[in-house]
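Q: Compact mmCIF, N, CA and C atoms, saved as target-v1.txt, coming up:
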```txt
# COMPACT_ATOMS: atom_id res chain seq x y z
N MET H 1 98.57 69.28 85.96
CA MET H 1 98.82 69.56 87.35
C MET H 1 100.22 70.15 87.49
N THR H 2 100.34 71.20 88.30
CA THR H 2 101.62 71.88 88.48
C THR H 2 102.43 71.21 89.57
N ALA H 3 103.71 71.04 89.34
CA ALA H 3 104.60 70.46 90.34
C ALA H 3 104.81 71.45 91.48
N PRO H 4 104.99 70.96 92.69
CA PRO H 4 105.23 71.86 93.81
C PRO H 4 106.54 72.64 93.62
N ALA H 5 106.59 73.84 94.18
CA ALA H 5 107.79 74.67 94.08
C ALA H 5 108.96 73.97 94.76
N GLN H 6 110.11 74.06 94.13
CA GLN H 6 111.31 73.47 94.71
C GLN H 6 111.94 74.39 95.75
N GLU H 7 111.77 75.68 95.58
CA GLU H 7 112.30 76.65 96.53
C GLU H 7 111.37 77.84 96.61
N ILE H 8 111.43 78.54 97.73
CA ILE H 8 110.70 79.79 97.89
C ILE H 8 111.73 80.89 98.11
N THR H 9 111.35 82.10 97.80
CA THR H 9 112.22 83.25 98.01
C THR H 9 111.54 84.20 98.98
N ILE H 10 112.29 84.63 99.98
CA ILE H 10 111.75 85.58 100.94
C ILE H 10 112.70 86.77 101.06
N ALA H 11 112.13 87.92 101.40
CA ALA H 11 112.92 89.13 101.66
C ALA H 11 113.07 89.25 103.17
N ILE H 12 114.26 89.63 103.60
CA ILE H 12 114.53 89.79 105.03
C ILE H 12 114.92 91.24 105.29
N GLN H 13 114.12 91.90 106.12
CA GLN H 13 114.42 93.27 106.54
C GLN H 13 115.35 93.18 107.75
N LEU H 14 116.43 93.94 107.69
CA LEU H 14 117.44 93.88 108.75
C LEU H 14 117.47 95.19 109.52
N PHE H 15 117.57 95.08 110.83
CA PHE H 15 117.65 96.23 111.71
C PHE H 15 118.79 96.02 112.69
N SER H 16 119.25 97.11 113.28
CA SER H 16 120.20 97.09 114.39
C SER H 16 121.43 96.24 114.05
N VAL H 17 121.75 95.28 114.93
CA VAL H 17 122.97 94.48 114.76
C VAL H 17 122.96 93.67 113.47
N TYR H 18 121.80 93.28 113.01
CA TYR H 18 121.73 92.52 111.75
C TYR H 18 122.09 93.41 110.57
N GLN H 19 121.58 94.60 110.56
CA GLN H 19 121.90 95.55 109.49
C GLN H 19 123.39 95.88 109.51
N GLU H 20 123.94 96.07 110.69
CA GLU H 20 125.37 96.36 110.80
C GLU H 20 126.20 95.19 110.28
N ALA H 21 125.83 93.97 110.63
CA ALA H 21 126.60 92.80 110.22
C ALA H 21 126.58 92.59 108.71
N PHE H 22 125.43 92.84 108.08
CA PHE H 22 125.30 92.61 106.63
C PHE H 22 125.64 93.85 105.81
N GLY H 23 125.64 95.03 106.45
CA GLY H 23 125.96 96.25 105.72
C GLY H 23 124.86 96.69 104.77
N THR H 24 123.64 96.24 105.01
CA THR H 24 122.50 96.60 104.17
C THR H 24 121.23 96.43 105.00
N SER H 25 120.13 96.99 104.51
CA SER H 25 118.88 96.90 105.26
C SER H 25 117.98 95.77 104.78
N GLU H 26 118.35 95.10 103.69
CA GLU H 26 117.51 94.02 103.17
C GLU H 26 118.35 93.01 102.40
N ILE H 27 118.04 91.75 102.63
CA ILE H 27 118.64 90.65 101.87
C ILE H 27 117.52 89.71 101.46
N SER H 28 117.83 88.78 100.59
CA SER H 28 116.84 87.74 100.27
C SER H 28 117.53 86.39 100.32
N TYR H 29 116.75 85.40 100.69
CA TYR H 29 117.23 84.02 100.76
C TYR H 29 116.21 83.13 100.06
N ARG H 30 116.71 81.98 99.62
CA ARG H 30 115.85 80.94 99.06
C ARG H 30 115.88 79.75 100.02
N PHE H 31 114.71 79.15 100.22
CA PHE H 31 114.57 78.01 101.13
C PHE H 31 113.66 76.97 100.49
N PRO H 32 113.73 75.73 100.98
CA PRO H 32 112.75 74.74 100.55
C PRO H 32 111.38 75.09 101.14
N PRO H 33 110.31 74.64 100.51
CA PRO H 33 108.97 74.84 101.09
C PRO H 33 108.91 74.25 102.50
N ASN H 34 107.99 74.79 103.31
CA ASN H 34 107.76 74.32 104.68
C ASN H 34 108.93 74.60 105.63
N THR H 35 109.65 75.67 105.35
CA THR H 35 110.76 76.08 106.21
C THR H 35 110.22 76.99 107.32
N PRO H 36 110.58 76.74 108.58
CA PRO H 36 110.15 77.64 109.66
C PRO H 36 110.99 78.91 109.67
N VAL H 37 110.40 79.98 110.19
CA VAL H 37 111.07 81.28 110.18
C VAL H 37 112.36 81.26 110.99
N ASN H 38 112.47 80.42 112.00
CA ASN H 38 113.72 80.39 112.75
C ASN H 38 114.89 79.90 111.89
N ALA H 39 114.63 79.22 110.79
CA ALA H 39 115.69 78.81 109.86
C ALA H 39 116.30 80.02 109.17
N VAL H 40 115.52 81.09 109.04
CA VAL H 40 116.05 82.33 108.45
C VAL H 40 117.15 82.88 109.36
N LEU H 41 116.88 82.89 110.66
CA LEU H 41 117.89 83.34 111.61
C LEU H 41 119.13 82.45 111.56
N GLU H 42 118.92 81.14 111.50
CA GLU H 42 120.06 80.22 111.45
C GLU H 42 120.90 80.45 110.20
N ARG H 43 120.26 80.73 109.09
CA ARG H 43 120.99 81.02 107.85
C ARG H 43 121.77 82.32 107.97
N ALA H 44 121.16 83.34 108.58
CA ALA H 44 121.85 84.62 108.79
C ALA H 44 123.08 84.42 109.68
N ILE H 45 122.93 83.60 110.72
CA ILE H 45 124.05 83.32 111.61
C ILE H 45 125.14 82.52 110.87
N ALA H 46 124.74 81.61 110.01
CA ALA H 46 125.72 80.86 109.21
C ALA H 46 126.52 81.82 108.31
N ASP H 47 125.84 82.83 107.78
CA ASP H 47 126.51 83.81 106.92
C ASP H 47 127.34 84.81 107.71
N ARG H 48 126.90 85.13 108.92
CA ARG H 48 127.57 86.12 109.78
C ARG H 48 127.63 85.56 111.20
N PRO H 49 128.63 84.68 111.49
CA PRO H 49 128.70 83.99 112.78
C PRO H 49 128.70 84.91 114.00
N GLN H 50 129.11 86.14 113.85
CA GLN H 50 129.12 87.06 114.99
C GLN H 50 127.71 87.33 115.51
N LEU H 51 126.69 86.99 114.74
CA LEU H 51 125.30 87.20 115.16
C LEU H 51 124.79 86.11 116.10
N ALA H 52 125.56 85.06 116.31
CA ALA H 52 125.11 83.94 117.15
C ALA H 52 124.73 84.39 118.56
N GLN H 53 125.38 85.42 119.07
CA GLN H 53 125.08 85.88 120.42
C GLN H 53 123.65 86.41 120.56
N TRP H 54 123.00 86.71 119.44
CA TRP H 54 121.64 87.26 119.46
C TRP H 54 120.58 86.19 119.22
N ARG H 55 120.99 84.94 119.01
CA ARG H 55 120.06 83.85 118.66
C ARG H 55 118.90 83.74 119.66
N SER H 56 119.18 83.69 120.93
CA SER H 56 118.12 83.40 121.91
C SER H 56 117.21 84.59 122.22
N VAL H 57 117.58 85.78 121.79
CA VAL H 57 116.78 86.97 122.11
C VAL H 57 116.13 87.62 120.89
N THR H 58 116.31 87.03 119.73
CA THR H 58 115.72 87.58 118.50
C THR H 58 114.27 87.14 118.36
N ARG H 59 113.42 88.10 118.01
CA ARG H 59 112.01 87.79 117.70
C ARG H 59 111.84 87.85 116.19
N PHE H 60 110.68 87.36 115.73
CA PHE H 60 110.44 87.25 114.29
C PHE H 60 109.15 87.94 113.90
N GLY H 61 109.16 88.53 112.72
CA GLY H 61 107.96 89.07 112.12
C GLY H 61 107.85 88.58 110.69
N ILE H 62 106.62 88.31 110.28
CA ILE H 62 106.35 87.97 108.88
C ILE H 62 105.22 88.87 108.42
N ASN H 63 105.47 89.60 107.36
CA ASN H 63 104.47 90.48 106.76
C ASN H 63 103.80 91.38 107.80
N LEU H 64 104.64 92.03 108.62
CA LEU H 64 104.23 93.03 109.61
C LEU H 64 103.50 92.46 110.82
N GLU H 65 103.62 91.16 111.08
CA GLU H 65 103.02 90.56 112.26
C GLU H 65 104.07 89.75 113.01
N PHE H 66 104.11 89.89 114.36
CA PHE H 66 104.98 89.03 115.16
C PHE H 66 104.51 87.60 115.03
N VAL H 67 105.47 86.67 114.94
CA VAL H 67 105.14 85.24 114.80
C VAL H 67 106.06 84.41 115.69
N ASP H 68 105.63 83.17 115.94
CA ASP H 68 106.44 82.21 116.67
C ASP H 68 107.57 81.71 115.78
N PRO H 69 108.68 81.26 116.39
CA PRO H 69 109.82 80.78 115.60
C PRO H 69 109.50 79.61 114.68
N GLU H 70 108.46 78.84 114.99
CA GLU H 70 108.12 77.67 114.18
C GLU H 70 107.19 78.00 113.01
N THR H 71 106.78 79.25 112.88
CA THR H 71 105.88 79.65 111.79
C THR H 71 106.55 79.40 110.44
N ILE H 72 105.81 78.80 109.53
CA ILE H 72 106.33 78.47 108.20
C ILE H 72 106.31 79.71 107.31
N VAL H 73 107.44 79.96 106.63
CA VAL H 73 107.49 81.07 105.67
C VAL H 73 106.97 80.60 104.32
N ARG H 74 106.42 81.53 103.58
CA ARG H 74 105.86 81.24 102.25
C ARG H 74 106.56 82.10 101.22
N ASP H 75 106.50 81.65 99.99
CA ASP H 75 107.13 82.37 98.90
C ASP H 75 106.65 83.83 98.89
N GLY H 76 107.60 84.75 98.83
CA GLY H 76 107.27 86.16 98.77
C GLY H 76 107.11 86.84 100.11
N ASP H 77 107.17 86.10 101.21
CA ASP H 77 107.04 86.72 102.53
C ASP H 77 108.14 87.73 102.78
N GLU H 78 107.81 88.71 103.62
CA GLU H 78 108.80 89.66 104.12
C GLU H 78 109.03 89.33 105.59
N VAL H 79 110.23 88.92 105.91
CA VAL H 79 110.60 88.50 107.26
C VAL H 79 111.42 89.62 107.90
N VAL H 80 111.17 89.83 109.20
CA VAL H 80 111.96 90.78 109.97
C VAL H 80 112.60 90.02 111.12
N LEU H 81 113.91 90.18 111.26
CA LEU H 81 114.63 89.66 112.42
C LEU H 81 114.74 90.81 113.40
N ILE H 82 114.20 90.63 114.60
CA ILE H 82 114.09 91.73 115.55
C ILE H 82 114.95 91.44 116.78
N PRO H 83 116.14 92.04 116.83
CA PRO H 83 116.98 91.87 118.02
C PRO H 83 116.47 92.80 119.12
N PRO H 84 116.91 92.59 120.36
CA PRO H 84 116.50 93.52 121.40
C PRO H 84 117.03 94.92 121.08
N VAL H 85 116.24 95.91 121.38
CA VAL H 85 116.67 97.29 121.14
C VAL H 85 116.43 98.09 122.41
N SER H 86 117.24 99.10 122.57
CA SER H 86 117.01 100.01 123.70
C SER H 86 116.76 101.40 123.12
N GLY H 87 115.99 102.16 123.81
CA GLY H 87 115.68 103.49 123.32
C GLY H 87 115.97 104.52 124.40
N GLY H 88 115.79 105.72 124.01
CA GLY H 88 116.05 106.75 125.00
C GLY H 88 115.26 107.99 124.68
```
Could you render the structure as structure tokens?
A:
Amino acid sequence: MTAPAQEITIAIQLFSVYQEAFGTSEISYRFPPNTPVNAVLERAIADRPQLAQWRSVTRFGINLEFVDPETIVRDGDEVVLIPPVSGG
């Protein structure tokens, strides 16, 4: 019998203010199993505190689908942090 994974790895696609704050379009993080996607945002804010102002207005996507903040991420997922954007 295989032991449960101790950590999962996810890729995070960054856009707009998140991309500017990190200086790249993609990062990866490791989390314990059963981590909700909103923990990804909290980790990004811990790494770049200036992003805290976007906490309440950021939406989440996992593998090209919008999801609720409580959705659990799985090993290998691609997460998108989606801040409000304006267009013209």
Q: Per DSSP on the backbone, filter chain H down to the residues in strand (DSSP E or B) and report them as number ranges by chain.
A: H: 8-14, 26-31, 36, 59-62, 65-67, 72, 78-82
Q: Suppose you want the space between atom CA of Pro84 of chain H and atom CA of Pro33 of chain H; what is it in Å?
A: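 Distance reported for this atom pair: 28.6 Å.
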Q: Report, in Å with one decimal, the straight-line distance from atom C of Glu20 of chain H to atom CA of Leu64 of chain H.
A: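 Pair atom C of Glu20 of chain H / atom CA of Leu64 of chain H returns 22.1 Å.
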Q: Between atom N of Phe15 of chain H and atom N of Glu65 of chain H, measure the distance and give it in Å to one decimal.
A: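 Value for the atom N of Phe15 of chain H-atom N of Glu65 of chain H distance: 14.5 Å.
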Q: Out of H:Val17, H:Val57, H:Val37, H:Ala11, which residue has the shortest atom-to-atom distance to Glu70 of chain H when counting all atoms listed in the file?
A: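 With all atoms listed in the file as the atom set, the closest residue is H:Val37.
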Q: Have a look at H:Ala39, H:Leu51, H:Ile82, H:Val67 and name the one nearest to Leu14 of chain H; count only C-alpha atoms.
A: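 The shortest atom-to-atom distance to Leu14 of chain H comes from H:Ile82.
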Q: Find the spatial neighbours of Ile8 of chain H, counting all atoms listed in the file, within a cut-off of 8 Å - ignore same-chain residues fewer than 3 positions away - and output them as a list in words.
A: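 Those residues are Ala5, Ala11, Tyr29, Arg30, Phe31, Pro32, Pro33, Asn34, Val73, Arg74, Asp75, Gly76 and Asp77 of chain H.
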Q: Could the residues in this selection be written to a file with N, CA and C atoms, as a CSV table (one decimal), keeping the file's coordinate frame?
A:
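Written file, selection_19.csv:
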```csv
chain,number,residue,atom,x,y,z
H,5,ALA,N,106.6,73.8,94.2
H,5,ALA,CA,107.8,74.7,94.1
H,5,ALA,C,109.0,74.0,94.8
H,11,ALA,N,112.1,87.9,101.4
H,11,ALA,CA,112.9,89.1,101.7
H,11,ALA,C,113.1,89.2,103.2
H,29,TYR,N,116.8,85.4,100.7
H,29,TYR,CA,117.2,84.0,100.8
H,29,TYR,C,116.2,83.1,100.1
H,30,ARG,N,116.7,82.0,99.6
H,30,ARG,CA,115.8,80.9,99.1
H,30,ARG,C,115.9,79.8,100.0
H,31,PHE,N,114.7,79.2,100.2
H,31,PHE,CA,114.6,78.0,101.1
H,31,PHE,C,113.7,77.0,100.5
H,32,PRO,N,113.7,75.7,101.0
H,32,PRO,CA,112.8,74.7,100.6
H,32,PRO,C,111.4,75.1,101.1
H,33,PRO,N,110.3,74.6,100.5
H,33,PRO,CA,109.0,74.8,101.1
H,33,PRO,C,108.9,74.2,102.5
H,34,ASN,N,108.0,74.8,103.3
H,34,ASN,CA,107.8,74.3,104.7
H,34,ASN,C,108.9,74.6,105.6
H,73,VAL,N,107.4,80.0,106.6
H,73,VAL,CA,107.5,81.1,105.7
H,73,VAL,C,107.0,80.6,104.3
H,74,ARG,N,106.4,81.5,103.6
H,74,ARG,CA,105.9,81.2,102.2
H,74,ARG,C,106.6,82.1,101.2
H,75,ASP,N,106.5,81.6,100.0
H,75,ASP,CA,107.1,82.4,98.9
H,75,ASP,C,106.6,83.8,98.9
H,76,GLY,N,107.6,84.8,98.8
H,76,GLY,CA,107.3,86.2,98.8
H,76,GLY,C,107.1,86.8,100.1
H,77,ASP,N,107.2,86.1,101.2
H,77,ASP,CA,107.0,86.7,102.5
H,77,ASP,C,108.1,87.7,102.8
```
Q: May I ask which of the residues H:Thr35, H:Ile72, H:Gly61, H:Ala21 is the closest one to Arg48 of chain H, counting all atoms listed in the file?
A: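 The answer is H:Ala21, which sits nearest to Arg48 of chain H.
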Q: The centre and edge lengths of an axis-aligned box containing all atoms of segment 55-63 of chain H present in the file, extended by 5 Å on each side, are to be given in Å to one decimal, as lines of an AutoDock Vina configuration file.
A:
```
center_x = 112.4
center_y = 87.4
center_z = 114.5
size_x = 27.2
size_y = 18.0
size_z = 25.5
```
Q: Calculated over only C-alpha atoms, which of the candidates H:Gln13, H:Thr24, H:Gln6, H:Ser56 has the smallest distance to Val80 of chain H?
A: H:Gln13
Q: Considering only alpha helix (DSSP H) as DSSP defines it on the backbone, what residues of chain H qualify? List them as a PDB file with N, CA and C atoms, keeping the file's coordinate frame.
A:
```
ATOM      1  N   SER H  16     119.250  97.110 113.280  1.00  0.00           N
ATOM      2  CA  SER H  16     120.200  97.090 114.390  1.00  0.00           C
ATOM      3  C   SER H  16     121.430  96.240 114.050  1.00  0.00           C
ATOM      4  N   VAL H  17     121.750  95.280 114.930  1.00  0.00           N
ATOM      5  CA  VAL H  17     122.970  94.480 114.760  1.00  0.00           C
ATOM      6  C   VAL H  17     122.960  93.670 113.470  1.00  0.00           C
ATOM      7  N   TYR H  18     121.800  93.280 113.010  1.00  0.00           N
ATOM      8  CA  TYR H  18     121.730  92.520 111.750  1.00  0.00           C
ATOM      9  C   TYR H  18     122.090  93.410 110.570  1.00  0.00           C
ATOM     10  N   GLN H  19     121.580  94.600 110.560  1.00  0.00           N
ATOM     11  CA  GLN H  19     121.900  95.550 109.490  1.00  0.00           C
ATOM     12  C   GLN H  19     123.390  95.880 109.510  1.00  0.00           C
ATOM     13  N   GLU H  20     123.940  96.070 110.690  1.00  0.00           N
ATOM     14  CA  GLU H  20     125.370  96.360 110.800  1.00  0.00           C
ATOM     15  C   GLU H  20     126.200  95.190 110.280  1.00  0.00           C
ATOM     16  N   ALA H  21     125.830  93.970 110.630  1.00  0.00           N
ATOM     17  CA  ALA H  21     126.600  92.800 110.220  1.00  0.00           C
ATOM     18  C   ALA H  21     126.580  92.590 108.710  1.00  0.00           C
ATOM     19  N   PHE H  22     125.430  92.840 108.080  1.00  0.00           N
ATOM     20  CA  PHE H  22     125.300  92.610 106.630  1.00  0.00           C
ATOM     21  C   PHE H  22     125.640  93.850 105.810  1.00  0.00           C
ATOM     22  N   ASN H  38     112.470  80.420 112.000  1.00  0.00           N
ATOM     23  CA  ASN H  38     113.720  80.390 112.750  1.00  0.00           C
ATOM     24  C   ASN H  38     114.890  79.900 111.890  1.00  0.00           C
ATOM     25  N   ALA H  39     114.630  79.220 110.790  1.00  0.00           N
ATOM     26  CA  ALA H  39     115.690  78.810 109.860  1.00  0.00           C
ATOM     27  C   ALA H  39     116.300  80.020 109.170  1.00  0.00           C
ATOM     28  N   VAL H  40     115.520  81.090 109.040  1.00  0.00           N
ATOM     29  CA  VAL H  40     116.050  82.330 108.450  1.00  0.00           C
ATOM     30  C   VAL H  40     117.150  82.880 109.360  1.00  0.00           C
ATOM     31  N   LEU H  41     116.880  82.890 110.660  1.00  0.00           N
ATOM     32  CA  LEU H  41     117.890  83.340 111.610  1.00  0.00           C
ATOM     33  C   LEU H  41     119.130  82.450 111.560  1.00  0.00           C
ATOM     34  N   GLU H  42     118.920  81.140 111.500  1.00  0.00           N
ATOM     35  CA  GLU H  42     120.060  80.220 111.450  1.00  0.00           C
ATOM     36  C   GLU H  42     120.900  80.450 110.200  1.00  0.00           C
ATOM     37  N   ARG H  43     120.260  80.730 109.090  1.00  0.00           N
ATOM     38  CA  ARG H  43     120.990  81.020 107.850  1.00  0.00           C
ATOM     39  C   ARG H  43     121.770  82.320 107.970  1.00  0.00           C
ATOM     40  N   ALA H  44     121.160  83.340 108.580  1.00  0.00           N
ATOM     41  CA  ALA H  44     121.850  84.620 108.790  1.00  0.00           C
ATOM     42  C   ALA H  44     123.080  84.420 109.680  1.00  0.00           C
ATOM     43  N   ILE H  45     122.930  83.600 110.720  1.00  0.00           N
ATOM     44  CA  ILE H  45     124.050  83.320 111.610  1.00  0.00           C
ATOM     45  C   ILE H  45     125.140  82.520 110.870  1.00  0.00           C
ATOM     46  N   ALA H  46     124.740  81.610 110.010  1.00  0.00           N
ATOM     47  CA  ALA H  46     125.720  80.860 109.210  1.00  0.00           C
ATOM     48  C   ALA H  46     126.520  81.820 108.310  1.00  0.00           C
ATOM     49  N   ASP H  47     125.840  82.830 107.780  1.00  0.00           N
ATOM     50  CA  ASP H  47     126.510  83.810 106.920  1.00  0.00           C
ATOM     51  C   ASP H  47     127.340  84.810 107.710  1.00  0.00           C
TER      52      ASP H  47
END
```
